[in-house]
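Heads up, start06.txt below (compact mmCIF, C-alpha atoms):
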```txt
# COMPACT_ATOMS: atom_id res chain seq x y z
CA MET X 1 -91.78 -23.02 -12.86
CA ASN X 2 -94.51 -25.20 -14.32
CA GLY X 3 -92.95 -28.24 -12.67
CA LYS X 4 -89.38 -27.45 -13.79
CA ILE X 5 -86.76 -27.03 -11.07
CA ILE X 6 -84.89 -23.78 -11.68
CA ASN X 7 -82.61 -24.00 -8.64
CA THR X 8 -82.31 -26.32 -5.65
CA ASN X 9 -81.81 -25.40 -2.01
CA HIS X 10 -78.50 -25.77 -0.29
CA LEU X 11 -78.44 -26.68 3.39
CA ASP X 12 -75.60 -25.51 5.61
CA LYS X 13 -72.73 -27.83 6.61
CA ASN X 14 -74.81 -29.14 9.55
CA GLY X 15 -77.79 -29.89 7.31
CA ASN X 16 -79.80 -26.92 8.60
CA ARG X 17 -82.27 -25.06 6.45
CA ALA X 18 -82.02 -21.25 6.24
CA ARG X 19 -85.03 -19.21 7.42
CA HIS X 20 -85.65 -18.07 3.85
CA GLN X 21 -86.10 -21.74 2.86
CA GLU X 22 -88.74 -22.55 5.49
CA ALA X 23 -91.77 -21.30 3.56
CA ALA X 24 -92.94 -21.02 -0.02
CA VAL X 25 -95.32 -19.08 -2.18
CA VAL X 26 -97.07 -21.62 -4.37
CA MET X 27 -99.41 -21.19 -7.30
CA ASP X 28 -101.75 -23.76 -8.73
CA LYS X 29 -104.41 -23.07 -11.34
CA GLY X 30 -103.99 -19.32 -10.85
CA LYS X 31 -104.48 -19.42 -7.07
CA ILE X 32 -101.66 -18.24 -4.79
CA SER X 33 -101.11 -19.65 -1.32
CA ILE X 34 -98.33 -19.85 1.24
CA LYS X 35 -96.95 -23.12 2.57
CA LYS X 36 -94.83 -23.71 5.67
CA TRP X 37 -91.96 -26.18 5.87
CA ASP X 38 -93.17 -29.37 7.53
CA GLY X 39 -89.75 -30.26 8.96
CA SER X 40 -89.04 -33.00 6.43
CA THR X 41 -86.06 -33.23 4.11
CA GLY X 42 -86.79 -32.01 0.60
CA TRP X 43 -90.35 -30.95 1.46
CA GLU X 44 -90.39 -28.44 -1.39
CA THR X 45 -89.91 -31.22 -3.93
CA LYS X 46 -93.00 -32.98 -2.54
CA LEU X 47 -95.36 -30.01 -2.92
CA SER X 48 -98.06 -30.74 -5.48
CA GLU X 49 -98.35 -27.22 -6.90
CA GLN X 50 -96.89 -26.47 -10.32
CA ASN X 51 -95.10 -23.28 -9.25
CA VAL X 52 -93.12 -23.08 -6.00
CA LEU X 53 -90.97 -20.15 -4.86
CA LEU X 54 -89.18 -20.72 -1.57
CA ASN X 55 -88.87 -17.58 0.43
CA GLY X 56 -89.09 -16.15 3.87
CA PRO X 57 -89.02 -15.78 6.64
CA LEU X 58 -92.68 -16.53 7.07
CA LEU X 59 -94.36 -13.77 9.09
CA THR X 60 -97.84 -15.15 9.73
CA LEU X 61 -99.84 -18.13 8.49
CA ASN X 62 -103.59 -18.52 8.90
CA HIS X 63 -103.83 -15.81 11.59
CA VAL X 64 -100.88 -17.24 13.58
CA ASP X 65 -97.75 -15.09 13.80
CA GLU X 66 -94.46 -16.92 13.45
CA ILE X 67 -91.86 -16.59 16.19
CA LEU X 68 -89.05 -14.39 14.90
CA ASP X 69 -85.72 -14.27 16.71
CA THR X 70 -84.08 -10.96 17.55
CA THR X 71 -81.26 -11.09 15.02
CA GLY X 72 -80.41 -7.84 13.29
CA PHE X 73 -82.10 -9.00 10.09
CA ASN X 74 -85.46 -9.22 11.88
CA ARG X 75 -85.06 -6.41 14.41
CA LEU X 76 -83.45 -3.65 12.34
CA ARG X 77 -85.22 -1.51 9.76
CA HIS X 78 -84.45 -2.32 6.14
CA PRO X 79 -86.17 -1.98 2.77
CA ARG X 80 -88.63 -4.90 2.57
CA THR X 81 -90.64 -6.83 0.03
CA CYS X 82 -93.66 -8.81 1.22
CA LEU X 83 -96.59 -10.84 -0.08
CA GLY X 84 -99.77 -11.11 1.97
CA LEU X 85 -103.02 -13.01 1.51
CA LYS X 86 -106.42 -11.76 2.61
CA PRO X 87 -109.33 -14.07 3.55
CA ASN X 88 -111.18 -13.14 0.34
CA GLY X 89 -108.26 -14.44 -1.76
CA LYS X 90 -106.88 -11.01 -2.63
CA VAL X 91 -103.11 -10.67 -2.69
CA ILE X 92 -101.14 -7.72 -1.39
CA LEU X 93 -97.67 -7.14 -2.81
CA LEU X 94 -95.89 -4.57 -0.67
CA THR X 95 -92.57 -2.80 -0.91
CA VAL X 96 -91.09 -0.64 1.84
CA ASP X 97 -88.31 1.77 0.94
CA GLY X 98 -85.46 2.38 3.34
CA ARG X 99 -81.81 3.20 4.01
CA ASN X 100 -82.51 6.85 3.27
CA GLU X 101 -83.47 9.96 5.26
CA ASN X 102 -86.83 9.87 3.43
CA SER X 103 -87.67 6.30 4.53
CA SER X 104 -86.08 4.22 7.26
CA GLY X 105 -87.52 0.84 6.24
CA MET X 106 -89.22 -1.60 8.63
CA SER X 107 -88.29 -4.39 10.98
CA LEU X 108 -89.93 -7.75 10.34
CA PHE X 109 -91.93 -7.22 13.55
CA GLU X 110 -93.30 -3.93 12.15
CA LEU X 111 -93.94 -5.54 8.76
CA THR X 112 -95.94 -8.34 10.40
CA LYS X 113 -98.12 -5.78 12.21
CA LEU X 114 -98.62 -3.76 9.00
CA MET X 115 -99.70 -6.79 7.00
CA ARG X 116 -102.15 -7.77 9.75
CA TRP X 117 -103.48 -4.18 9.77
CA LEU X 118 -103.99 -4.43 5.99
CA GLY X 119 -106.18 -7.50 6.59
CA CYS X 120 -103.75 -10.26 5.67
CA THR X 121 -104.18 -13.58 7.43
CA SER X 122 -100.92 -14.92 5.97
CA ALA X 123 -97.77 -13.01 4.98
CA ILE X 124 -94.25 -13.87 3.89
CA ASN X 125 -91.15 -11.69 3.63
CA PHE X 126 -89.18 -11.79 0.38
CA ASP X 127 -85.59 -10.83 -0.30
CA GLY X 128 -85.47 -7.13 0.50
CA GLY X 129 -82.77 -4.57 1.12
CA GLY X 130 -81.25 -3.32 -2.09
CA SER X 131 -83.31 -5.75 -4.15
CA THR X 132 -86.62 -4.22 -3.01
CA THR X 133 -88.03 -2.95 -6.30
CA LEU X 134 -91.60 -2.46 -7.49
CA TRP X 135 -91.89 -2.19 -11.25
CA VAL X 136 -95.09 -1.39 -13.15
CA ASN X 137 -95.22 -1.61 -16.93
CA GLY X 138 -95.85 1.71 -18.61
CA MET X 139 -94.94 3.91 -15.65
CA PRO X 140 -92.33 6.66 -15.92
CA ASP X 141 -88.73 6.14 -14.74
CA GLY X 142 -88.47 2.86 -16.62
CA GLY X 143 -91.39 1.44 -14.64
CA VAL X 144 -89.67 1.49 -11.22
CA ILE X 145 -92.10 3.22 -8.86
CA ASN X 146 -90.33 2.87 -5.53
CA TYR X 147 -86.87 4.08 -4.45
CA PRO X 148 -84.43 1.13 -4.54
CA ALA X 149 -81.52 1.66 -2.16
CA ASP X 150 -78.48 0.13 -3.87
CA ASN X 151 -77.21 3.40 -5.35
CA LYS X 152 -77.72 5.26 -2.01
CA LYS X 153 -79.78 7.99 -3.75
CA TRP X 154 -83.46 8.83 -3.44
CA ASP X 155 -84.33 8.05 -7.07
CA HIS X 156 -85.70 5.23 -9.19
CA GLU X 157 -82.26 4.11 -10.40
CA GLY X 158 -80.96 2.01 -7.50
CA GLN X 159 -82.29 -1.41 -8.48
CA ARG X 160 -80.04 -4.43 -8.95
CA LYS X 161 -80.25 -7.80 -10.63
CA VAL X 162 -82.24 -10.31 -8.60
CA ALA X 163 -82.65 -14.07 -8.62
CA ASN X 164 -86.45 -14.15 -8.48
CA VAL X 165 -89.47 -11.98 -9.14
CA ILE X 166 -93.22 -12.12 -8.88
CA LEU X 167 -94.79 -11.18 -12.20
CA VAL X 168 -98.46 -10.25 -12.24
CA LYS X 169 -100.16 -10.18 -15.62
CA LYS X 170 -103.72 -9.69 -16.77
CA GLN X 171 -105.36 -12.96 -17.57
CA ALA X 172 -105.99 -13.38 -21.27
CA LYS X 173 -109.67 -13.21 -22.22
CA ARG X 174 -111.07 -16.56 -23.20
```

Mind turning the file's structure into C-alpha cells?
Amino acid sequence: MNGKIINTNHLDKNGNRARHQEAAVVMDKGKISIKKWDGSTGWETKLSEQNVLLNGPLLTLNHVDEILDTTGFNRLRHPRTCLGLKPNGKVILLTVDGRNENSSGMSLFELTKLMRWLGCTSAINFDGGGSTTLWVNGMPDGGVINYPADNKKWDHEGQRKVANVILVKKQAKR
C-alpha cells in the first residue's frame, strides 16, 4: 500500500508460484489495471505502481482468456469475487453467492463468460468461497448486501475475517 510491503509471497518447496500469485490488481494515480506475472522471480516487487494486490487466478487479459486447468477449484461452483475492467476504464466488482439452495455459485469458466458478457476485456478472480462479501456503507444488515456462506444460512451474517479488501471511496472534491 503506497509503496509499503504489507506481506510477501511464499513459493512452495519447489519454488513454484501459486495460481493466485500469478496476477495483480495495481493502482497508480487512481487508475486500476491488471498485470500478469512475467515468469520472473519477484516480479511483483519490480512493478512500478504504488499499490499492488496479488490475486488470481487471472481469467482474461486484454481480450485473451487464460487457460484454466480442470481442478475442482476452477470447475466446481463456489461463491466468487471478481474484478473486471471495461475498455472505457470502468471497473466492475462482482460477487456471486453460493453454497446454498438459493444460489449455487459459479465455476471460473462460467465467471469468465459472465465477465466477458458484461463487457470486460480483462478480469481477475479474487479469494471467494466463504470470504465472498460485498459491503456498502449505509446499507441495512450492517452494510453486507450479499449472502456470505460461512454460517451456512441464507442471511447477511455469514462473513468472515479476510486478509485483503478492495475499498472504493468517493474522491474528495478539490

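With all atoms listed in the file taken into account, the protein and nucleic acid residues at most 7 Å from Gly105 of chain X (excluding it and anything under 6 positions from it in its own chain) are X:Arg77, X:His78, X:Pro79, X:Arg80, X:Val96, X:Asp97, X:Gly98, X:Arg99.
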
*Name all residues at most 8 Å from segment 52-64 of chain X (count all atoms listed in the file; drop same-chain ones fewer than 5 positions away) and give them as a list in words.*
Met1, Arg19, His20, Gln21, Glu22, Ala23, Ala24, Val25, Val26, Met27, Ile34, Lys36, Glu44, Leu47, Leu108, Thr112, Thr121, Ser122, Ala123, Ile124, Asn125, Phe126 and Asp127 of chain X

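Between atom CA of Gln159 of chain X and atom CA of Leu134 of chain X the interatomic distance comes to 9.4 Å.
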
_Top pick for closest residue to Trp154 of chain X, considering X:Ser103, X:Asn88, X:Asn74, X:Thr95 and counting all atoms listed in the file_ = X:Ser103

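Taking atom CA of Thr132 of chain X as the reference point, atom CA of Gln50 of chain X is found at 25.6 Å.
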
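Atom CA of Thr81 of chain X is positioned 5.2 Å from atom CA of Gly128 of chain X.
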
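The smallest atom-to-atom distance between Arg160 of chain X and any of X:Gly143, X:Ser107, X:Gly138, X:Gly129, using all atoms listed in the file, is found for X:Gly129.
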
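Shortest separation to Glu101 of chain X among X:Ala149, X:Arg116, X:Trp43, X:Ile32 occurs at residue X:Ala149, atoms counted being only C-alpha atoms.
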
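Using only C-alpha atoms, the nearest neighbour of Ile92 of chain X within the list X:Gly119, X:Gly72, X:Pro148, X:Gly130 is X:Gly119.
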
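Take the candidates X:Gly142, X:Leu93, X:Thr133, X:Lys46 and check each one against Lys161 of chain X using all atoms listed in the file; the shortest distance goes to X:Thr133.
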
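With only C-alpha atoms as the atoms that count, the minimum distance from Trp37 of chain X to the choices X:Ala18, X:Asn51, X:Lys153, X:Val168 is reached by X:Ala18.
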
Would you mind listing what lies within 12 Å of Asp141 of chain X as a PDB file with C-alpha atoms, keeping the file's coordinate frame, with all atoms listed in the file counted and same-chain residues fewer than 5 positions away left out?
```
ATOM      1  CA  LEU X 134     -91.600  -2.460  -7.490  1.00  0.00           C
ATOM      2  CA  TRP X 135     -91.890  -2.190 -11.250  1.00  0.00           C
ATOM      3  CA  VAL X 136     -95.090  -1.390 -13.150  1.00  0.00           C
ATOM      4  CA  ASN X 146     -90.330   2.870  -5.530  1.00  0.00           C
ATOM      5  CA  TYR X 147     -86.870   4.080  -4.450  1.00  0.00           C
ATOM      6  CA  ASP X 155     -84.330   8.050  -7.070  1.00  0.00           C
ATOM      7  CA  HIS X 156     -85.700   5.230  -9.190  1.00  0.00           C
ATOM      8  CA  GLU X 157     -82.260   4.110 -10.400  1.00  0.00           C
ATOM      9  CA  GLY X 158     -80.960   2.010  -7.500  1.00  0.00           C
ATOM     10  CA  GLN X 159     -82.290  -1.410  -8.480  1.00  0.00           C
TER      11      GLN X 159
END
```

If you keep N, CA and C atoms, can you output segment 85-124 of chain X as a PDB file, in the first residue's frame?
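Contents of the output file decode-v6.pdb:
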```
ATOM      1  N   LEU X  85     -12.365  -5.171 -15.888  1.00  0.00           N
ATOM      2  CA  LEU X  85     -12.114  -3.856 -16.475  1.00  0.00           C
ATOM      3  C   LEU X  85     -12.742  -3.783 -17.855  1.00  0.00           C
ATOM      4  N   LYS X  86     -13.446  -2.689 -18.102  1.00  0.00           N
ATOM      5  CA  LYS X  86     -14.070  -2.465 -19.401  1.00  0.00           C
ATOM      6  C   LYS X  86     -13.166  -1.541 -20.227  1.00  0.00           C
ATOM      7  N   PRO X  87     -13.308  -1.549 -21.552  1.00  0.00           N
ATOM      8  CA  PRO X  87     -12.442  -0.720 -22.402  1.00  0.00           C
ATOM      9  C   PRO X  87     -12.514   0.772 -22.088  1.00  0.00           C
ATOM     10  N   ASN X  88     -13.648   1.246 -21.563  1.00  0.00           N
ATOM     11  CA  ASN X  88     -13.786   2.665 -21.241  1.00  0.00           C
ATOM     12  C   ASN X  88     -13.179   3.032 -19.883  1.00  0.00           C
ATOM     13  N   GLY X  89     -12.521   2.063 -19.228  1.00  0.00           N
ATOM     14  CA  GLY X  89     -11.891   2.315 -17.938  1.00  0.00           C
ATOM     15  C   GLY X  89     -12.783   2.029 -16.744  1.00  0.00           C
ATOM     16  N   LYS X  90     -14.043   1.732 -16.976  1.00  0.00           N
ATOM     17  CA  LYS X  90     -14.939   1.414 -15.863  1.00  0.00           C
ATOM     18  C   LYS X  90     -14.552   0.071 -15.256  1.00  0.00           C
ATOM     19  N   VAL X  91     -14.788  -0.036 -13.955  1.00  0.00           N
ATOM     20  CA  VAL X  91     -14.445  -1.227 -13.186  1.00  0.00           C
ATOM     21  C   VAL X  91     -15.731  -1.908 -12.725  1.00  0.00           C
ATOM     22  N   ILE X  92     -15.773  -3.215 -12.871  1.00  0.00           N
ATOM     23  CA  ILE X  92     -16.887  -3.989 -12.336  1.00  0.00           C
ATOM     24  C   ILE X  92     -16.365  -4.825 -11.180  1.00  0.00           C
ATOM     25  N   LEU X  93     -16.966  -4.652 -10.013  1.00  0.00           N
ATOM     26  CA  LEU X  93     -16.702  -5.501  -8.859  1.00  0.00           C
ATOM     27  C   LEU X  93     -17.915  -6.405  -8.727  1.00  0.00           C
ATOM     28  N   LEU X  94     -17.701  -7.707  -8.746  1.00  0.00           N
ATOM     29  CA  LEU X  94     -18.803  -8.656  -8.795  1.00  0.00           C
ATOM     30  C   LEU X  94     -18.665  -9.681  -7.686  1.00  0.00           C
ATOM     31  N   THR X  95     -19.767  -9.960  -7.012  1.00  0.00           N
ATOM     32  CA  THR X  95     -19.805 -11.082  -6.082  1.00  0.00           C
ATOM     33  C   THR X  95     -20.880 -12.045  -6.546  1.00  0.00           C
ATOM     34  N   VAL X  96     -20.619 -13.325  -6.374  1.00  0.00           N
ATOM     35  CA  VAL X  96     -21.567 -14.385  -6.715  1.00  0.00           C
ATOM     36  C   VAL X  96     -21.776 -15.205  -5.450  1.00  0.00           C
ATOM     37  N   ASP X  97     -23.009 -15.260  -4.989  1.00  0.00           N
ATOM     38  CA  ASP X  97     -23.313 -16.078  -3.820  1.00  0.00           C
ATOM     39  C   ASP X  97     -23.343 -17.552  -4.207  1.00  0.00           C
ATOM     40  N   GLY X  98     -23.238 -18.416  -3.218  1.00  0.00           N
ATOM     41  CA  GLY X  98     -23.267 -19.846  -3.494  1.00  0.00           C
ATOM     42  C   GLY X  98     -23.334 -20.670  -2.228  1.00  0.00           C
ATOM     43  N   ARG X  99     -23.217 -22.001  -2.443  1.00  0.00           N
ATOM     44  CA  ARG X  99     -23.270 -22.977  -1.356  1.00  0.00           C
ATOM     45  C   ARG X  99     -24.592 -22.930  -0.601  1.00  0.00           C
ATOM     46  N   ASN X 100     -25.671 -22.665  -1.361  1.00  0.00           N
ATOM     47  CA  ASN X 100     -26.988 -22.565  -0.767  1.00  0.00           C
ATOM     48  C   ASN X 100     -28.017 -22.934  -1.827  1.00  0.00           C
ATOM     49  N   GLU X 101     -29.174 -23.424  -1.411  1.00  0.00           N
ATOM     50  CA  GLU X 101     -30.214 -23.798  -2.383  1.00  0.00           C
ATOM     51  C   GLU X 101     -30.704 -22.593  -3.184  1.00  0.00           C
ATOM     52  N   ASN X 102     -30.476 -21.369  -2.673  1.00  0.00           N
ATOM     53  CA  ASN X 102     -30.881 -20.159  -3.390  1.00  0.00           C
ATOM     54  C   ASN X 102     -29.859 -19.711  -4.436  1.00  0.00           C
ATOM     55  N   SER X 103     -28.618 -20.151  -4.329  1.00  0.00           N
ATOM     56  CA  SER X 103     -27.569 -19.771  -5.274  1.00  0.00           C
ATOM     57  C   SER X 103     -26.471 -20.822  -5.240  1.00  0.00           C
ATOM     58  N   SER X 104     -26.148 -21.355  -6.400  1.00  0.00           N
ATOM     59  CA  SER X 104     -25.168 -22.446  -6.450  1.00  0.00           C
ATOM     60  C   SER X 104     -23.744 -21.975  -6.735  1.00  0.00           C
ATOM     61  N   GLY X 105     -23.528 -20.674  -6.899  1.00  0.00           N
ATOM     62  CA  GLY X 105     -22.196 -20.185  -7.207  1.00  0.00           C
ATOM     63  C   GLY X 105     -21.892 -20.307  -8.686  1.00  0.00           C
ATOM     64  N   MET X 106     -20.607 -20.186  -9.042  1.00  0.00           N
ATOM     65  CA  MET X 106     -20.165 -20.285 -10.432  1.00  0.00           C
ATOM     66  C   MET X 106     -18.815 -20.970 -10.492  1.00  0.00           C
ATOM     67  N   SER X 107     -18.577 -21.634 -11.610  1.00  0.00           N
ATOM     68  CA  SER X 107     -17.226 -22.122 -11.888  1.00  0.00           C
ATOM     69  C   SER X 107     -16.429 -20.944 -12.433  1.00  0.00           C
ATOM     70  N   LEU X 108     -15.115 -21.071 -12.478  1.00  0.00           N
ATOM     71  CA  LEU X 108     -14.312 -19.990 -13.057  1.00  0.00           C
ATOM     72  C   LEU X 108     -14.551 -19.879 -14.560  1.00  0.00           C
ATOM     73  N   PHE X 109     -14.919 -20.972 -15.205  1.00  0.00           N
ATOM     74  CA  PHE X 109     -15.242 -20.931 -16.630  1.00  0.00           C
ATOM     75  C   PHE X 109     -16.509 -20.094 -16.851  1.00  0.00           C
ATOM     76  N   GLU X 110     -17.520 -20.309 -15.998  1.00  0.00           N
ATOM     77  CA  GLU X 110     -18.756 -19.528 -16.082  1.00  0.00           C
ATOM     78  C   GLU X 110     -18.497 -18.062 -15.749  1.00  0.00           C
ATOM     79  N   LEU X 111     -17.667 -17.820 -14.741  1.00  0.00           N
ATOM     80  CA  LEU X 111     -17.356 -16.454 -14.341  1.00  0.00           C
ATOM     81  C   LEU X 111     -16.646 -15.705 -15.468  1.00  0.00           C
ATOM     82  N   THR X 112     -15.739 -16.369 -16.164  1.00  0.00           N
ATOM     83  CA  THR X 112     -15.046 -15.753 -17.296  1.00  0.00           C
ATOM     84  C   THR X 112     -16.054 -15.335 -18.362  1.00  0.00           C
ATOM     85  N   LYS X 113     -16.996 -16.223 -18.683  1.00  0.00           N
ATOM     86  CA  LYS X 113     -18.016 -15.915 -19.696  1.00  0.00           C
ATOM     87  C   LYS X 113     -18.903 -14.754 -19.246  1.00  0.00           C
ATOM     88  N   LEU X 114     -19.280 -14.736 -17.966  1.00  0.00           N
ATOM     89  CA  LEU X 114     -20.118 -13.653 -17.452  1.00  0.00           C
ATOM     90  C   LEU X 114     -19.397 -12.309 -17.554  1.00  0.00           C
ATOM     91  N   MET X 115     -18.149 -12.269 -17.161  1.00  0.00           N
ATOM     92  CA  MET X 115     -17.406 -11.012 -17.205  1.00  0.00           C
ATOM     93  C   MET X 115     -17.254 -10.529 -18.645  1.00  0.00           C
ATOM     94  N   ARG X 116     -17.041 -11.438 -19.567  1.00  0.00           N
ATOM     95  CA  ARG X 116     -16.970 -11.073 -20.991  1.00  0.00           C
ATOM     96  C   ARG X 116     -18.331 -10.515 -21.434  1.00  0.00           C
ATOM     97  N   TRP X 117     -19.429 -11.186 -21.036  1.00  0.00           N
ATOM     98  CA  TRP X 117     -20.769 -10.741 -21.386  1.00  0.00           C
ATOM     99  C   TRP X 117     -21.050  -9.340 -20.830  1.00  0.00           C
ATOM    100  N   LEU X 118     -20.499  -9.021 -19.672  1.00  0.00           N
ATOM    101  CA  LEU X 118     -20.661  -7.700 -19.067  1.00  0.00           C
ATOM    102  C   LEU X 118     -19.781  -6.640 -19.730  1.00  0.00           C
ATOM    103  N   GLY X 119     -18.958  -7.054 -20.699  1.00  0.00           N
ATOM    104  CA  GLY X 119     -18.143  -6.103 -21.453  1.00  0.00           C
ATOM    105  C   GLY X 119     -16.727  -5.936 -20.964  1.00  0.00           C
ATOM    106  N   CYS X 120     -16.294  -6.804 -20.059  1.00  0.00           N
ATOM    107  CA  CYS X 120     -14.927  -6.696 -19.537  1.00  0.00           C
ATOM    108  C   CYS X 120     -13.924  -7.288 -20.534  1.00  0.00           C
ATOM    109  N   THR X 121     -12.839  -6.589 -20.730  1.00  0.00           N
ATOM    110  CA  THR X 121     -11.762  -7.093 -21.578  1.00  0.00           C
ATOM    111  C   THR X 121     -10.670  -7.748 -20.742  1.00  0.00           C
ATOM    112  N   SER X 122     -10.669  -7.475 -19.446  1.00  0.00           N
ATOM    113  CA  SER X 122      -9.760  -8.119 -18.506  1.00  0.00           C
ATOM    114  C   SER X 122     -10.538  -8.415 -17.231  1.00  0.00           C
ATOM    115  N   ALA X 123     -10.244  -9.565 -16.605  1.00  0.00           N
ATOM    116  CA  ALA X 123     -10.934  -9.929 -15.363  1.00  0.00           C
ATOM    117  C   ALA X 123     -10.036 -10.840 -14.537  1.00  0.00           C
ATOM    118  N   ILE X 124     -10.142 -10.685 -13.222  1.00  0.00           N
ATOM    119  CA  ILE X 124      -9.334 -11.476 -12.301  1.00  0.00           C
ATOM    120  C   ILE X 124     -10.222 -11.958 -11.154  1.00  0.00           C
TER     121      ILE X 124
END
```
